[in-house]
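S.K.: entry.cif is the file, holding mmCIF, C-alpha atoms:
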```cif
data_final
loop_
_atom_site.label_atom_id
_atom_site.label_comp_id
_atom_site.auth_asym_id
_atom_site.auth_seq_id
_atom_site.Cartn_x
_atom_site.Cartn_y
_atom_site.Cartn_z
CA MET A 1 73.60 -29.41 29.33
CA SER A 2 71.54 -26.74 27.92
CA MET A 3 74.52 -25.21 26.12
CA TRP A 4 75.26 -28.45 24.31
CA LYS A 5 71.68 -28.86 23.32
CA ARG A 6 71.40 -25.32 21.98
CA HIS A 7 74.57 -25.85 19.96
CA LYS A 8 73.15 -28.98 18.47
CA GLU A 9 70.03 -27.12 17.38
CA GLU A 10 72.13 -24.45 15.73
CA ASP A 11 73.88 -27.11 13.71
CA GLU A 12 70.67 -28.30 12.19
CA VAL A 13 70.35 -27.37 8.57
CA TYR A 14 67.31 -25.28 7.83
CA THR A 15 65.19 -26.89 5.21
CA PRO A 16 62.26 -24.82 4.03
CA LYS A 17 58.96 -26.59 4.48
CA ALA A 18 55.96 -26.23 2.35
CA ALA A 19 53.67 -23.45 3.51
CA PRO A 20 50.94 -24.79 5.78
CA ALA A 21 47.67 -25.31 4.03
CA PRO A 22 45.11 -22.60 4.77
CA PRO A 23 42.51 -23.71 7.30
CA THR A 24 39.44 -25.19 5.79
CA THR A 25 35.94 -23.98 6.61
CA ALA A 26 35.43 -27.05 8.75
CA ASP A 27 38.59 -26.24 10.75
CA LEU A 28 37.48 -22.70 11.34
CA THR A 29 34.04 -23.74 12.39
CA LYS A 30 35.55 -26.29 14.76
CA GLU A 31 37.74 -23.66 16.35
CA GLY A 32 34.93 -21.15 16.65
CA ILE A 33 36.63 -18.53 14.52
CA PRO A 34 34.05 -16.17 13.01
CA MET A 35 33.86 -16.41 9.25
CA SER A 36 32.64 -12.84 8.91
CA THR A 37 32.26 -9.89 11.19
CA ILE A 38 29.26 -8.62 9.29
CA PRO A 39 26.17 -9.50 11.30
CA ALA A 40 23.66 -11.67 9.54
CA ARG A 41 20.66 -9.72 8.30
CA THR A 42 17.23 -11.13 8.81
CA PHE A 43 16.10 -10.23 5.31
CA GLY A 44 19.18 -11.94 3.93
CA PRO A 45 18.42 -13.80 0.76
CA GLU A 46 16.78 -10.91 -1.01
CA VAL A 47 19.38 -8.29 -0.15
CA PRO A 48 21.58 -7.62 -3.14
CA ARG A 49 25.09 -8.97 -2.77
CA GLY A 50 26.76 -5.84 -4.04
CA GLY A 51 26.06 -2.25 -3.23
CA ALA A 52 26.31 -0.01 -0.23
CA LEU A 53 24.73 -0.53 3.16
CA ILE A 54 23.55 1.99 5.71
CA GLY A 55 23.43 -0.10 8.85
CA LYS A 56 20.68 -0.04 11.39
CA SER A 57 22.57 2.09 13.90
CA VAL A 58 23.33 4.78 11.33
CA VAL A 59 21.34 8.04 11.11
CA ILE A 60 21.86 10.32 8.12
CA LYS A 61 20.37 13.78 7.68
CA GLY A 62 20.83 15.37 4.29
CA GLU A 63 21.20 14.25 0.69
CA VAL A 64 22.13 10.71 -0.17
CA LEU A 65 23.31 10.27 -3.75
CA SER A 66 24.34 6.77 -4.74
CA ARG A 67 25.78 5.42 -7.99
CA GLU A 68 25.35 1.84 -6.87
CA ASP A 69 22.60 -0.23 -5.28
CA LEU A 70 21.91 0.86 -1.73
CA THR A 71 20.41 -0.90 1.26
CA VAL A 72 19.14 1.28 4.09
CA ASP A 73 18.55 -0.44 7.40
CA GLY A 74 19.10 2.69 9.43
CA GLU A 75 17.47 6.12 9.34
CA VAL A 76 17.70 8.70 6.59
CA GLU A 77 16.09 12.13 6.66
CA GLY A 78 16.38 14.33 3.58
CA THR A 79 16.54 13.07 0.01
CA VAL A 80 17.74 9.82 -1.52
CA GLU A 81 18.69 9.59 -5.18
CA LEU A 82 19.84 6.48 -7.03
CA GLN A 83 18.76 7.26 -10.55
CA GLU A 84 19.84 4.01 -12.19
CA HIS A 85 20.02 1.74 -9.18
CA ARG A 86 18.02 -0.16 -6.63
CA LEU A 87 17.14 0.99 -3.13
CA THR A 88 16.27 -1.63 -0.54
CA VAL A 89 14.76 -0.39 2.71
CA GLY A 90 15.39 -3.09 5.28
CA PRO A 91 13.01 -4.02 8.08
CA ASN A 92 14.71 -1.57 10.44
CA GLY A 93 15.00 1.11 7.78
CA LYS A 94 13.19 4.41 8.31
CA LEU A 95 13.22 7.05 5.60
CA LYS A 96 11.81 10.53 5.88
CA ALA A 97 12.81 11.41 2.39
CA ASN A 98 11.74 11.84 -1.18
CA VAL A 99 13.34 9.07 -3.18
CA LYS A 100 14.30 8.75 -6.84
CA ALA A 101 15.45 5.32 -7.96
CA ARG A 102 15.16 2.77 -10.71
CA GLU A 103 13.78 0.18 -8.33
CA ILE A 104 12.73 0.18 -4.68
CA VAL A 105 12.12 -2.76 -2.36
CA VAL A 106 10.45 -1.76 0.90
CA HIS A 107 10.44 -3.87 4.05
CA GLY A 108 10.55 -0.92 6.44
CA THR A 109 9.04 2.56 6.67
CA ILE A 110 9.10 5.46 4.22
CA HIS A 111 7.55 8.88 4.71
CA GLY A 112 8.00 10.73 1.45
CA ASN A 113 7.27 10.69 -2.25
CA LEU A 114 8.77 7.96 -4.39
CA ASP A 115 9.67 8.42 -8.04
CA VAL A 116 10.55 5.02 -9.48
CA THR A 117 11.42 4.49 -13.11
CA ASP A 118 11.04 0.71 -13.13
CA ARG A 119 9.28 -0.98 -10.23
CA ILE A 120 8.53 -0.87 -6.56
CA ASP A 121 8.14 -3.95 -4.35
CA ILE A 122 6.09 -3.28 -1.23
CA ARG A 123 6.56 -6.15 1.18
CA LYS A 124 4.13 -7.22 3.88
CA ASP A 125 5.63 -5.29 6.79
CA ALA A 126 6.22 -2.13 4.81
CA LYS A 127 4.67 1.15 5.82
CA LEU A 128 4.49 3.94 3.25
CA VAL A 129 3.10 7.43 3.65
CA GLY A 130 3.47 9.50 0.50
CA ASP A 131 2.83 9.38 -3.20
CA ILE A 132 4.28 6.81 -5.58
CA ARG A 133 4.98 7.34 -9.25
CA THR A 134 6.19 4.17 -10.88
CA ALA A 135 5.98 1.97 -13.96
CA ARG A 136 5.16 -1.20 -12.03
CA VAL A 137 4.13 -2.02 -8.49
CA VAL A 138 4.15 -5.32 -6.61
CA ILE A 139 2.27 -5.41 -3.30
CA GLU A 140 2.29 -8.07 -0.64
CA ASP A 141 -0.79 -8.45 1.53
CA GLY A 142 -0.33 -6.81 4.90
CA ALA A 143 1.54 -3.74 3.72
CA TYR A 144 0.22 -0.32 4.74
CA MET A 145 0.11 2.66 2.49
CA LYS A 146 -1.44 6.08 2.62
CA GLY A 147 -1.01 8.04 -0.57
CA ASN A 148 -1.46 8.21 -4.31
CA ILE A 149 -0.25 5.55 -6.72
CA ASP A 150 0.30 6.75 -10.24
CA ILE A 151 1.34 4.09 -12.71
CA VAL A 152 3.29 5.64 -15.55
CA LYS A 153 3.17 3.43 -18.59
CA THR A 154 6.50 3.45 -20.33
CA GLU A 155 5.98 3.26 -24.04
CA VAL A 156 8.35 0.88 -25.76
CA PRO A 157 9.56 2.70 -28.87
CA LYS A 158 8.42 0.84 -31.94
CA PRO A 159 10.89 0.41 -34.76
CA ALA A 160 10.15 2.93 -37.43
CA ALA A 161 8.46 1.46 -40.48
CA PRO A 162 10.76 1.49 -43.49
CA ALA A 163 9.89 4.39 -45.70
CA PRO A 164 9.13 3.53 -49.32
CA ARG A 165 12.16 4.27 -51.38
CA PRO A 166 11.99 5.88 -54.76
CA PRO A 167 13.25 3.32 -57.26
CA ALA A 168 16.01 5.52 -58.61
CA ALA A 169 17.44 6.52 -55.23
CA PRO A 170 20.62 4.79 -54.11
CA ALA A 171 20.28 2.32 -51.24
CA PRO A 172 21.03 4.01 -47.92
CA ALA A 173 23.91 2.74 -45.90
CA PRO A 174 22.75 0.42 -43.10
CA ALA A 175 22.44 2.19 -39.78
CA PRO A 176 24.94 1.18 -37.12
CA PRO A 177 23.50 -1.26 -34.56
CA VAL A 178 22.09 0.43 -31.49
CA ALA A 179 22.81 -1.25 -28.17
CA THR A 180 19.78 -1.34 -25.94
CA VAL A 181 20.23 -1.73 -22.26
CA ASP A 182 17.43 -3.13 -20.18
CA PRO A 183 17.90 -1.59 -16.75
CA GLY A 184 15.44 -4.07 -15.30
CA LYS A 185 17.76 -7.01 -16.00
CA ARG A 186 20.52 -7.85 -13.64
CA MET B 1 -31.72 -7.06 -5.22
CA LEU B 2 -33.66 -3.85 -4.94
CA GLY B 3 -32.79 -0.71 -6.74
CA SER B 4 -34.13 2.78 -6.29
CA ASP B 5 -33.06 6.29 -7.13
CA SER B 6 -33.78 9.23 -4.93
CA THR B 7 -32.61 12.71 -4.22
CA GLY B 8 -31.71 13.62 -0.67
CA SER B 9 -33.61 15.86 1.72
CA ALA B 10 -32.08 18.66 3.75
CA THR B 11 -32.67 17.21 7.23
CA PRO B 12 -29.51 16.21 9.06
CA ALA B 13 -29.13 12.48 9.41
CA GLN B 14 -28.87 10.52 12.61
CA PRO B 15 -28.57 6.75 12.25
CA ARG B 16 -30.78 4.78 14.59
CA GLN B 17 -28.79 3.67 17.61
CA ARG B 18 -28.81 0.08 18.63
CA PRO B 19 -29.80 -0.75 22.23
CA ALA B 20 -27.32 0.04 24.99
CA GLY B 21 -24.34 -2.21 25.24
CA GLY B 22 -21.60 -0.45 23.38
CA PRO B 23 -22.46 1.79 20.47
CA GLN B 24 -18.79 2.55 19.91
CA PRO B 25 -17.58 0.79 16.80
CA VAL B 26 -14.55 -0.80 18.36
CA ARG B 27 -13.17 -4.05 17.15
CA VAL B 28 -14.34 -6.81 19.44
CA GLU B 29 -12.41 -9.68 17.99
CA SER B 30 -9.23 -9.67 16.02
CA ARG B 31 -9.17 -13.32 15.01
CA PRO B 32 -11.53 -13.76 12.12
CA LYS B 33 -14.01 -16.60 12.25
CA VAL B 34 -15.78 -15.64 9.08
CA GLN B 35 -14.66 -17.20 5.83
CA PRO B 36 -13.43 -15.47 2.69
CA VAL B 37 -16.31 -14.61 0.42
CA THR B 38 -16.64 -13.94 -3.26
CA ARG B 39 -19.68 -11.87 -4.13
CA GLN B 40 -21.22 -10.09 -7.03
CA SER B 41 -21.53 -6.37 -6.52
CA PRO B 42 -24.01 -4.43 -8.66
CA GLY B 43 -22.91 -1.26 -6.89
CA LEU B 44 -19.32 -1.79 -7.98
CA GLU B 45 -20.42 -2.41 -11.55
CA GLN B 46 -22.36 0.84 -11.61
CA PHE B 47 -19.55 2.70 -9.85
CA PHE B 48 -17.15 1.89 -12.68
CA GLY B 49 -19.98 2.30 -15.18
CA THR B 50 -20.10 6.00 -14.30
CA MET B 51 -16.50 6.39 -15.46
CA ARG B 52 -16.69 4.30 -18.58
CA GLU B 53 -14.42 5.46 -21.41
CA ARG B 54 -12.75 8.00 -19.19
CA ARG B 55 -9.13 7.82 -18.16
CA GLY B 56 -6.86 9.66 -15.79
CA LEU B 57 -9.42 9.92 -12.99
CA ALA B 58 -8.46 10.01 -9.32
CA ILE B 59 -10.06 7.30 -7.17
CA ILE B 60 -9.96 6.95 -3.38
CA ASP B 61 -9.80 3.39 -2.05
CA LEU B 62 -10.14 3.07 1.72
CA ALA B 63 -9.94 -0.74 1.87
CA GLY B 64 -6.22 -0.76 2.54
CA LEU B 65 -3.43 -1.40 0.09
CA SER B 66 -3.90 -4.41 -2.18
CA GLN B 67 -2.42 -5.56 -5.44
CA ALA B 68 -5.87 -6.43 -6.77
CA ASN B 69 -7.37 -2.97 -6.32
CA VAL B 70 -4.26 -1.11 -7.41
CA SER B 71 -3.92 -3.23 -10.55
CA PHE B 72 -7.60 -3.02 -11.45
CA ILE B 73 -7.89 0.73 -11.04
CA THR B 74 -4.56 1.65 -12.61
CA ASN B 75 -5.22 -0.71 -15.54
CA LEU B 76 -8.29 1.39 -16.26
CA GLY B 77 -5.93 4.32 -16.57
CA HIS B 78 -6.78 5.98 -13.25
CA THR B 79 -4.70 6.91 -10.23
CA ILE B 80 -5.54 5.49 -6.84
CA TYR B 81 -5.31 7.09 -3.42
CA SER B 82 -4.98 4.26 -0.96
CA ASP B 83 -5.55 4.25 2.78
CA ASP B 84 -6.77 1.79 5.39
CA LEU B 85 -9.42 3.82 7.15
CA LEU B 86 -10.36 1.12 9.66
CA GLN B 87 -6.77 0.69 10.80
CA SER B 88 -6.42 4.46 11.22
CA LEU B 89 -9.77 4.54 13.00
CA ASP B 90 -8.72 1.87 15.49
CA GLU B 91 -5.52 3.80 16.21
CA ALA B 92 -7.41 7.08 16.64
CA LEU B 93 -10.02 5.54 18.94
CA ALA B 94 -7.32 3.87 21.00
CA HIS B 95 -5.58 7.20 21.50
CA GLY B 96 -8.38 9.66 22.03
CA GLY B 97 -11.74 7.91 22.13
CA ALA B 98 -14.74 9.09 20.15
CA ASP B 99 -14.51 12.74 21.18
CA PRO B 100 -15.86 14.97 18.34
CA ARG B 101 -12.66 17.07 18.33
CA MET B 102 -10.68 13.89 17.81
CA GLY B 103 -13.05 13.11 14.97
CA THR B 104 -12.24 16.36 13.20
CA ARG B 105 -8.53 15.70 13.60
CA PHE B 106 -8.93 12.13 12.42
CA LEU B 107 -10.75 13.21 9.28
CA GLU B 108 -8.20 15.91 8.53
CA GLN B 109 -5.45 13.32 8.76
CA SER B 110 -7.31 10.60 6.87
CA LEU B 111 -8.47 12.80 3.99
CA PRO B 112 -5.87 15.57 4.03
CA PHE B 113 -7.07 17.52 1.03
CA ARG B 114 -8.29 21.08 0.70
CA GLU B 115 -9.66 21.09 -2.83
CA PRO B 116 -12.09 18.82 -4.67
CA GLY B 117 -9.68 16.60 -6.57
CA PHE B 118 -11.24 13.13 -6.72
CA ASP B 119 -13.62 11.55 -9.21
CA GLY B 120 -14.66 8.53 -7.19
CA ALA B 121 -14.45 7.03 -3.71
CA LEU B 122 -14.61 3.39 -2.71
CA LEU B 123 -15.50 3.57 0.97
CA TRP B 124 -16.55 -0.08 1.26
CA ASP B 125 -17.93 -0.68 4.77
CA CYS B 126 -15.78 1.90 6.59
CA LEU B 127 -18.38 4.58 7.05
CA GLN B 128 -20.68 2.49 9.23
CA PHE B 129 -17.92 1.97 11.79
CA LEU B 130 -17.26 5.66 12.35
CA PRO B 131 -18.51 6.87 15.73
CA PRO B 132 -21.92 8.52 15.18
CA ALA B 133 -20.52 11.87 16.32
CA TRP B 134 -17.95 11.75 13.51
CA LEU B 135 -20.23 10.52 10.78
CA GLU B 136 -21.72 13.75 9.49
CA ALA B 137 -18.37 15.51 9.52
CA GLY B 138 -16.93 12.54 7.63
CA VAL B 139 -19.55 12.73 4.87
CA GLU B 140 -19.17 16.51 4.75
CA ARG B 141 -15.42 16.17 4.30
CA LEU B 142 -15.92 13.57 1.60
CA HIS B 143 -18.29 15.92 -0.22
CA SER B 144 -15.70 18.70 -0.08
CA ILE B 145 -12.92 16.68 -1.73
CA LEU B 146 -15.00 15.16 -4.56
CA ARG B 147 -15.52 16.81 -7.92
CA PRO B 148 -19.08 17.33 -9.18
CA GLY B 149 -20.32 14.11 -10.77
CA ALA B 150 -18.00 11.93 -8.67
CA ALA B 151 -19.36 8.56 -7.53
CA VAL B 152 -19.14 7.08 -4.03
CA LEU B 153 -19.64 3.41 -3.20
CA ALA B 154 -20.36 2.48 0.40
CA PHE B 155 -21.62 -0.68 2.08
CA PHE B 156 -23.77 -0.88 5.18
CA ASN B 157 -24.88 -3.82 7.23
CA ALA B 158 -28.56 -4.46 6.55
CA ASP B 159 -29.16 -6.97 9.34
CA GLU B 160 -30.75 -4.97 12.12
CA LYS B 161 -30.49 -7.80 14.65
CA ALA B 162 -26.89 -8.77 14.03
CA ALA B 163 -24.95 -9.31 17.26
CA ALA B 164 -21.64 -8.57 15.55
CA VAL B 165 -20.80 -7.24 12.14
CA PRO B 166 -18.06 -8.92 10.14
CA SER B 167 -15.46 -6.62 8.72
CA TYR B 168 -13.67 -7.32 5.46
CA GLN B 169 -10.94 -6.18 3.18
CA TYR B 170 -12.45 -5.72 -0.25
CA ARG B 171 -10.46 -6.90 -3.25
CA ILE B 172 -11.71 -6.18 -6.76
CA ALA B 173 -11.65 -9.30 -8.95
CA ASP B 174 -13.41 -7.73 -11.91
CA GLN B 175 -15.91 -5.00 -12.70
CA ARG B 176 -18.67 -6.86 -10.86
CA THR B 177 -16.94 -9.32 -8.53
CA LEU B 178 -15.36 -8.79 -5.14
CA HIS B 179 -13.22 -11.03 -2.96
CA LEU B 180 -13.89 -10.28 0.69
CA THR B 181 -11.06 -11.18 3.05
CA PRO B 182 -12.21 -11.31 6.68
CA ARG B 183 -10.53 -9.00 9.16
CA GLY B 184 -12.48 -9.87 12.31
CA THR B 185 -15.85 -8.82 13.60
CA ARG B 186 -16.84 -5.54 15.15
CA ALA B 187 -19.44 -4.41 17.61
CA PRO B 188 -22.72 -3.69 15.83
CA ALA B 189 -22.63 -0.44 13.99
CA PRO B 190 -25.64 1.87 14.11
CA TYR B 191 -28.35 0.58 11.83
CA PHE B 192 -28.70 2.50 8.60
CA ASN B 193 -31.93 2.15 6.66
CA ASN B 194 -32.59 3.82 3.31
CA ARG B 195 -34.13 6.90 4.85
CA VAL B 196 -31.24 7.44 7.24
CA LEU B 197 -28.81 7.04 4.37
CA GLU B 198 -30.69 9.52 2.20
CA ARG B 199 -30.43 12.05 5.00
CA LEU B 200 -26.79 11.24 5.59
CA PHE B 201 -25.95 11.95 1.95
CA HIS B 202 -28.40 14.85 1.61
CA ARG B 203 -25.76 17.15 0.05
CA PHE B 204 -25.12 14.69 -2.77
CA ALA B 205 -27.10 14.77 -6.01
CA THR B 206 -28.43 11.20 -6.12
CA THR B 207 -28.46 8.12 -3.90
CA LYS B 208 -29.03 4.62 -5.23
CA PHE B 209 -29.52 1.53 -3.06
CA PHE B 210 -28.89 -2.14 -3.77
CA LEU B 211 -30.09 -4.54 -1.09
CA THR B 212 -28.37 -7.85 -1.61
CA ARG B 213 -29.04 -11.31 -0.21
CA ASP B 214 -26.13 -11.25 2.18
CA HIS B 215 -27.46 -8.44 4.41
CA LEU B 216 -25.18 -5.89 2.85
CA ARG B 217 -26.78 -2.70 1.62
CA GLU B 218 -24.78 -1.24 -1.24
CA VAL B 219 -25.15 2.49 -1.73
CA LEU B 220 -24.01 4.41 -4.79
CA VAL B 221 -24.01 8.16 -4.33
CA LYS B 222 -23.23 10.82 -6.91
CA ARG B 223 -21.81 14.20 -6.02
#
```
Let's see the structure in the file written out as structure tokens.
M.R.:
Amino acid sequence: MSMWKRHKEEDEVYTPKAAPAPPTTADLTKEGIPMSTIPARTFGPEVPRGGALIGKSVVIKGEVLSREDLTVDGEVEGTVELQEHRLTVGPNGKLKANVKAREIVVHGTIHGNLDVTDRIDIRKDAKLVGDIRTARVVIEDGAYMKGNIDIVKTEVPKPAAPAPRPPAAPAPAPAPPVATVDPGKR
Amino acid sequence: MLGSDSTGSATPAQPRQRPAGGPQPVRVESRPKVQPVTRQSPGLEQFFGTMRERRGLAIIDLAGLSQANVSFITNLGHTIYSDDLLQSLDEALAHGGADPRMGTRFLEQSLPFREPGFDGALLWDCLQFLPPAWLEAGVERLHSILRPGAAVLAFFNADEKAAAVPSYQYRIADQRTLHLTPRGTRAPAPYFNNRVLERLFHRFATTKFFLTRDHLREVLVKR
């Protein structure tokens, strides 16, 4: 019996079927399949979407040099440098480091001097021990800090006034347009 | 409001102790019952008056970090050294009590400077909550880190019979106005009258008092 049946199956003509539709989000949720293996972070909405992450179980001793935005939720001892980028210190983040960055957002703890070219956000649970040199500072009530704050005013270069031209001189060629990049804008 | 100028004497100061029942300035209640207050401060006005038309000065603010104080002081062109002395004091007292050796260590950690590098100090009401044994050393340390001519603003409770003294965080609204955010009440501090304060600041050049209606004695001292 089984031989006949198997033979019959072999006779069937294979007709390719359309590829099954990928499971929808609702299907996955129903089946309990995790959408992501990255654990949800409690300070979620304000964490930048891109950039690197030092997780809360990571300890780094030495120099950290980043050419992209960086979120530290672990421990770093040494120096941290992100000249043109943003450093976010998460609520579990602990830095014993001097930091250079364009922008710093602090939810956690930093022991060290901070050199910030644009602005520093000190959130309510932040704890800072060290000196800050920055252009702008935003402080939430409840934050703790022990150290100097030096606000460095960045002078916006004024366009040079057109020099009076002697009437006989030929008109100078127009200068090529200069692209200005505002590092504060994302 | 009363105002008087005086120079200090050379006798060491000892603030009058309140009756037995806990002279240690520990926090007795963490939940504040007192309301936020906005008050005029002649002492603050004169404090900043001493630095008029000067920029780049270094100011100590011991009220704890706040946007208001940082913005106000840095907008005047000065740098600010921020610390929350009462929070540090509570931690120090919790760890080691009011032992004088602990006091020396506490002051070294709270004002960790060797040279006179500051042009002004906003102490607010912190000084009155220091244990009496730490007080003189605290003022001595302050004297050592201030430049000649530097101004110090400190507040002291002027109600001798107060059962508990409210503690505040002081936020500068403008040159003469303060917002006081309650941060609980504390056991009565030693009572400081003008004479005691003159003796306490005897190494400073001048002491000026402002007694206000709300039982807060404002003291402006010049190094």
S.K.: Could you expand the PyMOL selection byres ((chain B) within 9 of (chain A)) into the explicit residues it covers here, written as an mmCIF file with C-alpha atoms, in the frame of the given file?
M.R.:
```
data_model
loop_
_atom_site.group_PDB
_atom_site.id
_atom_site.type_symbol
_atom_site.label_atom_id
_atom_site.label_comp_id
_atom_site.auth_asym_id
_atom_site.auth_seq_id
_atom_site.Cartn_x
_atom_site.Cartn_y
_atom_site.Cartn_z
ATOM 1 C CA ALA B 58 -8.460 10.010 -9.320
ATOM 2 C CA ILE B 60 -9.960 6.950 -3.380
ATOM 3 C CA GLY B 64 -6.220 -0.760 2.540
ATOM 4 C CA LEU B 65 -3.430 -1.400 0.090
ATOM 5 C CA SER B 66 -3.900 -4.410 -2.180
ATOM 6 C CA GLN B 67 -2.420 -5.560 -5.440
ATOM 7 C CA ALA B 68 -5.870 -6.430 -6.770
ATOM 8 C CA VAL B 70 -4.260 -1.110 -7.410
ATOM 9 C CA SER B 71 -3.920 -3.230 -10.550
ATOM 10 C CA THR B 74 -4.560 1.650 -12.610
ATOM 11 C CA ASN B 75 -5.220 -0.710 -15.540
ATOM 12 C CA GLY B 77 -5.930 4.320 -16.570
ATOM 13 C CA HIS B 78 -6.780 5.980 -13.250
ATOM 14 C CA THR B 79 -4.700 6.910 -10.230
ATOM 15 C CA ILE B 80 -5.540 5.490 -6.840
ATOM 16 C CA TYR B 81 -5.310 7.090 -3.420
ATOM 17 C CA SER B 82 -4.980 4.260 -0.960
ATOM 18 C CA ASP B 83 -5.550 4.250 2.780
ATOM 19 C CA ASP B 84 -6.770 1.790 5.390
ATOM 20 C CA SER B 110 -7.310 10.600 6.870
#
```
S.K.: Write out as a ChimeraX atom specification which residues come within 8 Å of stretch 51-58 of chain A when counting all atoms listed in the file, dropping same-chain ones fewer than 2 positions away.
M.R.: /A:48-49,60,68-75,92-93
S.K.: Translate the PyMOL selection byres ((chain B and resi 160-169) around 8), as applied to the file shown, into an explicit residue set as a PDB file with C-alpha atoms, in the frame of the given file.
M.R.:
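Here's the written file result_25.pdb:
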```pdb
ATOM      1  CA  VAL B  34     -15.780 -15.640   9.080  1.00  0.00           C
ATOM      2  CA  ALA B  63      -9.940  -0.740   1.870  1.00  0.00           C
ATOM      3  CA  GLY B  64      -6.220  -0.760   2.540  1.00  0.00           C
ATOM      4  CA  ASP B 125     -17.930  -0.680   4.770  1.00  0.00           C
ATOM      5  CA  ASN B 157     -24.880  -3.820   7.230  1.00  0.00           C
ATOM      6  CA  ALA B 158     -28.560  -4.460   6.550  1.00  0.00           C
ATOM      7  CA  ASP B 159     -29.160  -6.970   9.340  1.00  0.00           C
ATOM      8  CA  TYR B 170     -12.450  -5.720  -0.250  1.00  0.00           C
ATOM      9  CA  ARG B 171     -10.460  -6.900  -3.250  1.00  0.00           C
ATOM     10  CA  LEU B 180     -13.890 -10.280   0.690  1.00  0.00           C
ATOM     11  CA  THR B 181     -11.060 -11.180   3.050  1.00  0.00           C
ATOM     12  CA  PRO B 182     -12.210 -11.310   6.680  1.00  0.00           C
ATOM     13  CA  ARG B 183     -10.530  -9.000   9.160  1.00  0.00           C
ATOM     14  CA  GLY B 184     -12.480  -9.870  12.310  1.00  0.00           C
ATOM     15  CA  THR B 185     -15.850  -8.820  13.600  1.00  0.00           C
ATOM     16  CA  ARG B 186     -16.840  -5.540  15.150  1.00  0.00           C
ATOM     17  CA  ALA B 187     -19.440  -4.410  17.610  1.00  0.00           C
ATOM     18  CA  PRO B 188     -22.720  -3.690  15.830  1.00  0.00           C
ATOM     19  CA  ALA B 189     -22.630  -0.440  13.990  1.00  0.00           C
ATOM     20  CA  TYR B 191     -28.350   0.580  11.830  1.00  0.00           C
TER      21      TYR B 191
END
```
S.K.: Quick one: residues within 8 Å of B:Pro116, all atoms listed in the file counted, chain neighbours fewer than 6 positions away excluded, as number ranges by chain?
M.R.: B: 144-147
S.K.: Can you find the residues with an atom no farther than 10 Å from (-16.9, 14.9, 20.0), counting only C-alpha atoms, and report them as a list in words?
M.R.: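 Looking at atoms near the point gives Gly97, Ala98, Asp99, Pro100, Arg101, Met102, Gly103, Thr104, Pro131, Pro132, Ala133 and Trp134 of chain B.
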S.K.: Do you have the atom CA of B:Ala94-atom CA of B:Leu107 distance handy?
M.R.: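 Pair atom CA of B:Ala94 / atom CA of B:Leu107 returns 15.4 Å.
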S.K.: Calculate how many Å separate atom CA of B:Val152 from atom CA of B:Asn69, rounding to one decimal.
M.R.: 15.6 Å
S.K.: Mind checking which residues fall within 6 Å of A:Ala126, counting all atoms listed in the file, ignoring those fewer than 4 positions away in the same chain, and posting them as a count of residues only?
M.R.: 5
S.K.: Show me as an NGL selection string the residues that reach within 12 Å of (-20.9, 2.4, -3.1), counting only C-alpha atoms and using the file's own coordinates.
M.R.: :B and (41-48 or 50 or 60-62 or 120-127 or 150-156 or 197 or 201 or 206-211 or 216-222)
S.K.: Could you write out the selected residues, including C-alpha atoms, as an mmCIF file, in the coordinates of the input?
M.R.:
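The result, written out as again_28.cif:
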```
data_model
loop_
_atom_site.group_PDB
_atom_site.id
_atom_site.type_symbol
_atom_site.label_atom_id
_atom_site.label_comp_id
_atom_site.auth_asym_id
_atom_site.auth_seq_id
_atom_site.Cartn_x
_atom_site.Cartn_y
_atom_site.Cartn_z
ATOM 1 C CA SER B 41 -21.530 -6.370 -6.520
ATOM 2 C CA PRO B 42 -24.010 -4.430 -8.660
ATOM 3 C CA GLY B 43 -22.910 -1.260 -6.890
ATOM 4 C CA LEU B 44 -19.320 -1.790 -7.980
ATOM 5 C CA GLU B 45 -20.420 -2.410 -11.550
ATOM 6 C CA GLN B 46 -22.360 0.840 -11.610
ATOM 7 C CA PHE B 47 -19.550 2.700 -9.850
ATOM 8 C CA PHE B 48 -17.150 1.890 -12.680
ATOM 9 C CA THR B 50 -20.100 6.000 -14.300
ATOM 10 C CA ILE B 60 -9.960 6.950 -3.380
ATOM 11 C CA ASP B 61 -9.800 3.390 -2.050
ATOM 12 C CA LEU B 62 -10.140 3.070 1.720
ATOM 13 C CA GLY B 120 -14.660 8.530 -7.190
ATOM 14 C CA ALA B 121 -14.450 7.030 -3.710
ATOM 15 C CA LEU B 122 -14.610 3.390 -2.710
ATOM 16 C CA LEU B 123 -15.500 3.570 0.970
ATOM 17 C CA TRP B 124 -16.550 -0.080 1.260
ATOM 18 C CA ASP B 125 -17.930 -0.680 4.770
ATOM 19 C CA CYS B 126 -15.780 1.900 6.590
ATOM 20 C CA LEU B 127 -18.380 4.580 7.050
ATOM 21 C CA ALA B 150 -18.000 11.930 -8.670
ATOM 22 C CA ALA B 151 -19.360 8.560 -7.530
ATOM 23 C CA VAL B 152 -19.140 7.080 -4.030
ATOM 24 C CA LEU B 153 -19.640 3.410 -3.200
ATOM 25 C CA ALA B 154 -20.360 2.480 0.400
ATOM 26 C CA PHE B 155 -21.620 -0.680 2.080
ATOM 27 C CA PHE B 156 -23.770 -0.880 5.180
ATOM 28 C CA LEU B 197 -28.810 7.040 4.370
ATOM 29 C CA PHE B 201 -25.950 11.950 1.950
ATOM 30 C CA THR B 206 -28.430 11.200 -6.120
ATOM 31 C CA THR B 207 -28.460 8.120 -3.900
ATOM 32 C CA LYS B 208 -29.030 4.620 -5.230
ATOM 33 C CA PHE B 209 -29.520 1.530 -3.060
ATOM 34 C CA PHE B 210 -28.890 -2.140 -3.770
ATOM 35 C CA LEU B 211 -30.090 -4.540 -1.090
ATOM 36 C CA LEU B 216 -25.180 -5.890 2.850
ATOM 37 C CA ARG B 217 -26.780 -2.700 1.620
ATOM 38 C CA GLU B 218 -24.780 -1.240 -1.240
ATOM 39 C CA VAL B 219 -25.150 2.490 -1.730
ATOM 40 C CA LEU B 220 -24.010 4.410 -4.790
ATOM 41 C CA VAL B 221 -24.010 8.160 -4.330
ATOM 42 C CA LYS B 222 -23.230 10.820 -6.910
#
```
